[in-house]
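Here's the structure, in structure tokens; my notes come after.
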Amino acid sequence: MTAPLPVSDDGGRWRSPISGKDFDRLPVLLASEQRAIRELGLRNLRRQRGYDRTAVQWTAIRRLLAPLETVTRSLDVSAGSGHLTRAMHDAVAVLLLHCAATGRSYWDWTAQEWLDLLGQDHAAFQRSVPQWAEGTMRPFLCAHAYHLGKFRDFHRLGRFNRLNLAGRIFGKTLVTSELDRVRSMLTRWGYRYGQDHDKTIPAATSQILLLNRSPHLEDLTTKVFTQAREESLNTEDGLRGLHPLQRAVAALGYCDPPSTVPATRGLGKATGVPEPWAEWVQRWFDTSTLVRSVRRHHRTILHKTGRWLAAEHPGLTDPTAWTRQTCASWVAAVDRMHVGDYVVRAVSSGHGQPLRPRSKDAHLSALRAFFRDCQEWEWVPRRFDVQRALATPPAIRALLGPDPRVIADDLWAKLLWAGLNLDADDLFQTSSGTFYPLELVRAITVTWLFSGLRSDEIARLRVGCIRWQHDGTGIAADSQQVLARDAVCLLDVPPHKTGTAFTKPVDPILGQAIETWQALRPEQPKRTDRRTGEQVDNLFSLRARAVPPSYINATVIPMLCRKAGIPAADVRGNITSHRARSTIASQLYNAKEPLTLFELQAWLGHRSAQSTQSYAKISPNTLTRAYSDAGYFARNVRTIEVLVDRDAVTSGAAASGEPWQYYDLGHGYCTYTFFEQCPHRMACARCDFYTPKTSSKGQLLEAKDNLQRMLASVPLGEEERAAVDDGQAALDQLLERLIDIPTPAGTTPREIGVPATATLLPIVAVNQWCR
């Protein structure tokens, strides 16, 4: 048997072999037809040739046989394939026998009846057909079901060779030609045939062509792909192949590219939530302009609120019925809530523990956002002030504040070493090798380690985001021609969570890694930036798909921890992509030549310095150095020189009351033993304990040989420090305050007669206490 050419119209387009044919489609099987099939029997129905086609039995079933033979002749079967020819005839025999058994022609069979005959897998097929039927007959039965029964539920048939079936129906040459167009496009984008996508793309392409009942790619519309996903046709290998296939067809200009945002799946997760409340939450979710991740987080909390309402306030499941008292009850419930309360599935981590302050604040913030929007949109009446009725209690708010989870210096150093020494053996392996090339993984890793960007910002970096300049000149330079020490590497960051696009300096190592990947990056289709709506070339993109932001947490960090030999978590929790941002910011803030808070704010891309304070944490070493440099102890303690008369000590004269300590006041000596307690130590009143240096006693003291010079510390009060630091005006104020304070001798400066205009020297030396 020679391979028939596929049926086509004058324009070379494929068309069904039974289209335009005037077949008798009577659904009921006549008694004569049933009798003829039984009389022919299995042996004659399976015969390949030599039977008498003029016999009355064959004439009786002519209307049933003609469409079957038309379909058989249209199938693409290579010449000399005797077993396939027998399988085609066996398929015809099975269909005729099934018609006789049901009393209805195949034109009237439902999709379920065809499915019962074809079987949901090969074992089920063997049970549904006679024992003599071979497994090679199933594709031919599928072809008849496709043409005669409009059967399209191929996703319910389990695993089978979809490419083979499409080739039989449409013609192998035509299917191969269209598949080559898809392969050519995907190969340019970095897909590796013969490895991970060699089966998925052919299966997905064959499946979608069968679904669309046309082998031409130009007939594939966005609606067809949407329908394929809704009907779960993208199963098995086609699950991974449908997305890149639509990408390729979109690049050819026949449909829209696949959406990167999954469609909302209604109220599927609102288990246990009262229906009125769930409908309000979904309405808010569909209307709010918050980013999708925030809306989903709020929706989860709002569903938890609905379960709380069902348990505690079943009559208040409509937001319009909420009052200030209801808000107070919810605030109290949140304050006493535990992990796992009012959830569908039990939480394994921390179950039964009290909610943390940030979680409590998030619960109240979500409900504030919900009611604020509902009131602003005039969905509900303004029966209470949202900001006051659902405010976070002061006791919870007091526990909130900047708390950057900085990675310890020793662990961060090991992660840096691992990232800079990454090689192919460190990459996670799949059955077909590494999923991403080493250059791409290394570029993402170095960007995470040195850029201080959020994972979303890293995933959305664009081609050409690196620029090189000579240091301080503003002149662009080629990275290959400029030494690293002379080059400034600038990184262009796209619009992000809190602001517009900006440019920041980064380490040249980062720029070199990105440019290495950029030189090897295959051509990729432009993608729509989910924040700006622009068509952009994502830097980290391969196989027409951007590397997801979760890749850093899910793959890069575990890989680095494994190479560095450190755990994936420390005392502050798991090592995540966002903790690197806090770590880098804190290191820049604590460097030897640190960035100021406002410089760090610009480098991180924050709108306010308050946001920056949540990332920059002063290290204990920096705080210790700053405390020491502030000289707090030295500022409050000064030193004074003391002359110790060793002869008076050794002779016992000191014990009998003779002076043996002489505090040097500059203009004289004070012999009061408890000098540091004297209120006049800063402005000596020259009482009986005072000895002028110009006196004969003072000159004799200086002439003595056995004197030991020492330093004594003197604690200073606030006014005394001012006298030291601020000069004569502060000293005059001190003199005025001490004018009536008794001296150690008992008399006051006023009684001694110290002149008000006298120039009195401070007793404390200007040098600070030696540390």
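By convention here, the chains of the structure tokens are called A, B, ... in the order presented, each chain's residues are numbered starting at 1, and ligands are numbered starting at 1 in the order presented.
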What are the closest atom pairs, with distances in Å to one decimal, for each residue of stretch 502-555 of chain A lying within 10 Å of stretch 455-466 of chain A, using only C-alpha atoms, rows by chain and rising residue number, as CSV?
```
residue,atom,partner,partner_atom,distance
A:Thr503,CA,A:Cys465,CA,9.1
A:Pro505,CA,A:Ile466,CA,9.8
A:Val506,CA,A:Ile466,CA,9.5
A:Pro508,CA,A:Ile466,CA,9.7
A:Leu510,CA,A:Ile466,CA,9.0
A:Gly511,CA,A:Ile466,CA,6.0
A:Gln512,CA,A:Ile466,CA,8.9
A:Ile514,CA,A:Ile466,CA,7.6
A:Glu515,CA,A:Ile466,CA,7.6
A:Gln518,CA,A:Val463,CA,7.2
A:Arg521,CA,A:Val463,CA,9.6
A:Asp529,CA,A:Arg460,CA,7.5
A:Arg530,CA,A:Arg460,CA,9.1
A:Arg531,CA,A:Arg460,CA,9.6
A:Val536,CA,A:Arg462,CA,6.9
A:Asp537,CA,A:Arg462,CA,5.6
A:Asn538,CA,A:Arg462,CA,4.5
A:Leu539,CA,A:Arg462,CA,4.6
A:Phe540,CA,A:Ala459,CA,6.4
A:Ser541,CA,A:Ala459,CA,8.6
A:Ala546,CA,A:Ala459,CA,7.2
A:Val547,CA,A:Ala459,CA,6.2
A:Pro548,CA,A:Ala459,CA,6.3
A:Pro549,CA,A:Ser455,CA,5.1
A:Ser550,CA,A:Ser455,CA,7.4
A:Tyr551,CA,A:Ser455,CA,8.7
A:Ile552,CA,A:Ser455,CA,7.1
A:Asn553,CA,A:Ser455,CA,8.7
```
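Within stretch 528-573 of chain A, DSSP run on the backbone puts these residues in alpha helix (DSSP H): Tyr551, Ile557, Pro558, Met559, Leu560, Cys561, Arg562, Lys563 and Ala564 of chain A.
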Worksheet item: Which neighbours of stretch 670-678 of chain A fall inside 7 Å, counting only C-alpha atoms, when residues of the same chain fewer than 4 positions from it are skipped, and could you give them as an NGL selection string?
Response: :A and (659 or 661-664 or 689-691 or 714 or 744)
Writing out the chosen residues with C-alpha atoms as a compact mmCIF listing (two decimals), in the first residue's frame:
```
# COMPACT_ATOMS: atom_id res chain seq x y z
CA PRO A 659 50.57 67.44 104.96
CA GLN A 661 49.93 65.36 99.42
CA TYR A 662 50.30 68.58 97.49
CA TYR A 663 47.86 69.10 94.59
CA ASP A 664 49.45 71.35 91.95
CA PHE A 689 45.04 74.50 103.05
CA TYR A 690 46.40 76.66 100.20
CA THR A 691 50.16 77.29 99.80
CA VAL A 714 39.10 64.26 89.44
CA PRO A 744 37.58 72.80 103.92
```
Response to the item:
Separating atom CA of A:Thr576 from atom CA of A:Asp335, to the nearest tenth of an Å, is a gap of 28.3 Å
Practice prompt. Excluding stretch 215-231 of chain A and any residue of its chain fewer than 5 positions from it, enumerate the residues within 10 Å of it, using only C-alpha atoms, and give them as a PyMOL selection string.
Written response: chain A and resi 13-15+153+155+166-167+169-171+174-179+181-182+205-210+239+242-243+245-246+248-250+252-258
Same residues, N, CA, C and O atoms, output as a compact mmCIF listing (two decimals), in the first residue's frame:
```txt
# COMPACT_ATOMS: atom_id res chain seq x y z
N ARG A 13 -3.78 23.93 1.42
CA ARG A 13 -4.14 23.81 2.82
C ARG A 13 -4.88 22.49 3.05
O ARG A 13 -5.67 22.05 2.23
N TRP A 14 -4.61 21.90 4.21
CA TRP A 14 -5.21 20.61 4.53
C TRP A 14 -6.70 20.78 4.81
O TRP A 14 -7.14 21.79 5.37
N ARG A 15 -7.46 19.77 4.43
CA ARG A 15 -8.88 19.73 4.79
C ARG A 15 -9.26 18.29 5.08
O ARG A 15 -8.60 17.35 4.62
N ASP A 153 -11.12 14.81 22.83
CA ASP A 153 -10.68 14.66 24.22
C ASP A 153 -9.42 13.81 24.32
O ASP A 153 -9.36 12.82 25.08
N HIS A 155 -6.72 14.51 25.70
CA HIS A 155 -6.08 14.62 27.01
C HIS A 155 -6.57 13.55 27.97
O HIS A 155 -5.94 13.29 29.00
N ALA A 166 -0.87 12.73 14.78
CA ALA A 166 -1.00 13.91 13.94
C ALA A 166 -0.42 13.66 12.56
O ALA A 166 -0.97 14.12 11.54
N GLY A 167 0.70 12.91 12.49
CA GLY A 167 1.27 12.58 11.19
C GLY A 167 0.37 11.70 10.35
O GLY A 167 0.29 11.85 9.13
N ILE A 169 -2.93 11.63 10.49
CA ILE A 169 -4.14 12.36 10.08
C ILE A 169 -3.80 13.47 9.09
O ILE A 169 -4.45 13.61 8.04
N PHE A 170 -2.80 14.29 9.41
CA PHE A 170 -2.51 15.47 8.58
C PHE A 170 -1.45 15.21 7.52
O PHE A 170 -1.31 16.02 6.59
N GLY A 171 -0.71 14.14 7.66
CA GLY A 171 0.42 13.88 6.78
C GLY A 171 1.71 14.24 7.46
O GLY A 171 1.87 15.34 8.00
N LEU A 174 3.69 17.47 6.26
CA LEU A 174 3.14 18.76 6.67
C LEU A 174 3.37 19.00 8.15
O LEU A 174 3.77 20.11 8.56
N VAL A 175 3.16 17.97 8.99
CA VAL A 175 3.37 18.15 10.43
C VAL A 175 4.84 18.41 10.73
O VAL A 175 5.17 19.29 11.54
N THR A 176 5.73 17.69 10.06
CA THR A 176 7.17 17.90 10.29
C THR A 176 7.59 19.30 9.88
O THR A 176 8.40 19.95 10.55
N SER A 177 7.03 19.80 8.78
CA SER A 177 7.36 21.14 8.32
C SER A 177 6.95 22.20 9.34
O SER A 177 7.72 23.12 9.65
N GLU A 178 5.74 22.08 9.87
CA GLU A 178 5.29 23.06 10.86
C GLU A 178 6.08 22.92 12.16
O GLU A 178 6.40 23.93 12.80
N LEU A 179 6.39 21.68 12.53
CA LEU A 179 7.16 21.48 13.75
C LEU A 179 8.56 22.05 13.62
O LEU A 179 9.11 22.61 14.57
N ARG A 181 9.37 24.68 11.98
CA ARG A 181 9.28 26.13 12.16
C ARG A 181 9.30 26.50 13.65
O ARG A 181 9.95 27.47 14.05
N VAL A 182 8.60 25.70 14.44
CA VAL A 182 8.59 25.94 15.87
C VAL A 182 9.97 25.67 16.47
O VAL A 182 10.50 26.45 17.25
N THR A 205 2.90 20.47 20.26
CA THR A 205 2.52 20.94 18.93
C THR A 205 1.48 20.02 18.30
O THR A 205 0.47 20.48 17.74
N SER A 206 1.70 18.71 18.38
CA SER A 206 0.74 17.77 17.82
C SER A 206 -0.61 17.90 18.52
O SER A 206 -1.67 17.87 17.89
N GLN A 207 -0.58 18.03 19.84
CA GLN A 207 -1.82 18.13 20.60
C GLN A 207 -2.64 19.36 20.20
O GLN A 207 -3.85 19.29 20.01
N ILE A 208 -1.97 20.50 20.07
CA ILE A 208 -2.69 21.73 19.76
C ILE A 208 -3.19 21.73 18.32
O ILE A 208 -4.24 22.27 18.00
N LEU A 209 -2.44 21.09 17.41
CA LEU A 209 -2.90 20.99 16.02
C LEU A 209 -4.13 20.10 15.93
O LEU A 209 -5.08 20.40 15.18
N LEU A 210 -4.12 18.98 16.66
CA LEU A 210 -5.29 18.12 16.67
C LEU A 210 -6.50 18.83 17.26
O LEU A 210 -7.62 18.71 16.77
N LEU A 239 2.53 19.69 29.25
CA LEU A 239 2.43 20.69 30.29
C LEU A 239 3.56 21.70 30.21
O LEU A 239 3.36 22.89 30.35
N LEU A 242 3.53 23.67 26.25
CA LEU A 242 2.51 24.57 25.74
C LEU A 242 2.95 26.03 25.82
O LEU A 242 2.70 26.82 24.90
N HIS A 243 3.61 26.40 26.90
CA HIS A 243 4.04 27.79 27.06
C HIS A 243 5.06 28.20 25.99
O HIS A 243 4.87 29.21 25.30
N LEU A 245 5.59 26.81 23.16
CA LEU A 245 4.95 26.71 21.85
C LEU A 245 4.17 27.98 21.54
O LEU A 245 4.26 28.54 20.43
N GLN A 246 3.39 28.47 22.51
CA GLN A 246 2.65 29.71 22.27
C GLN A 246 3.60 30.87 22.07
O GLN A 246 3.32 31.78 21.29
N ALA A 248 6.51 30.71 20.59
CA ALA A 248 7.01 30.62 19.22
C ALA A 248 5.94 31.04 18.22
O ALA A 248 6.22 31.78 17.26
N VAL A 249 4.70 30.59 18.41
CA VAL A 249 3.62 30.97 17.49
C VAL A 249 3.37 32.47 17.56
O VAL A 249 3.09 33.11 16.54
N ALA A 250 3.49 33.06 18.76
CA ALA A 250 3.33 34.50 18.90
C ALA A 250 4.44 35.24 18.17
O ALA A 250 4.21 36.29 17.54
N LEU A 252 5.87 34.26 15.54
CA LEU A 252 5.56 34.17 14.11
C LEU A 252 4.42 35.09 13.72
O LEU A 252 4.11 35.23 12.53
N GLY A 253 3.77 35.70 14.72
CA GLY A 253 2.73 36.68 14.46
C GLY A 253 1.32 36.14 14.34
O GLY A 253 0.44 36.82 13.82
N TYR A 254 1.07 34.94 14.87
CA TYR A 254 -0.24 34.32 14.71
C TYR A 254 -1.12 34.42 15.95
O TYR A 254 -2.31 34.17 15.87
N CYS A 255 -0.54 34.73 17.12
CA CYS A 255 -1.34 34.83 18.35
C CYS A 255 -0.62 35.75 19.32
O CYS A 255 0.47 36.26 19.03
N ASP A 256 -1.22 35.95 20.47
CA ASP A 256 -0.61 36.76 21.52
C ASP A 256 0.31 35.89 22.36
O ASP A 256 0.06 34.68 22.51
N PRO A 257 1.36 36.46 22.93
CA PRO A 257 2.23 35.66 23.81
C PRO A 257 1.48 35.24 25.05
O PRO A 257 0.48 35.85 25.45
N PRO A 258 1.92 34.18 25.71
CA PRO A 258 1.23 33.71 26.93
C PRO A 258 1.35 34.73 28.04
O PRO A 258 2.36 35.44 28.16
```
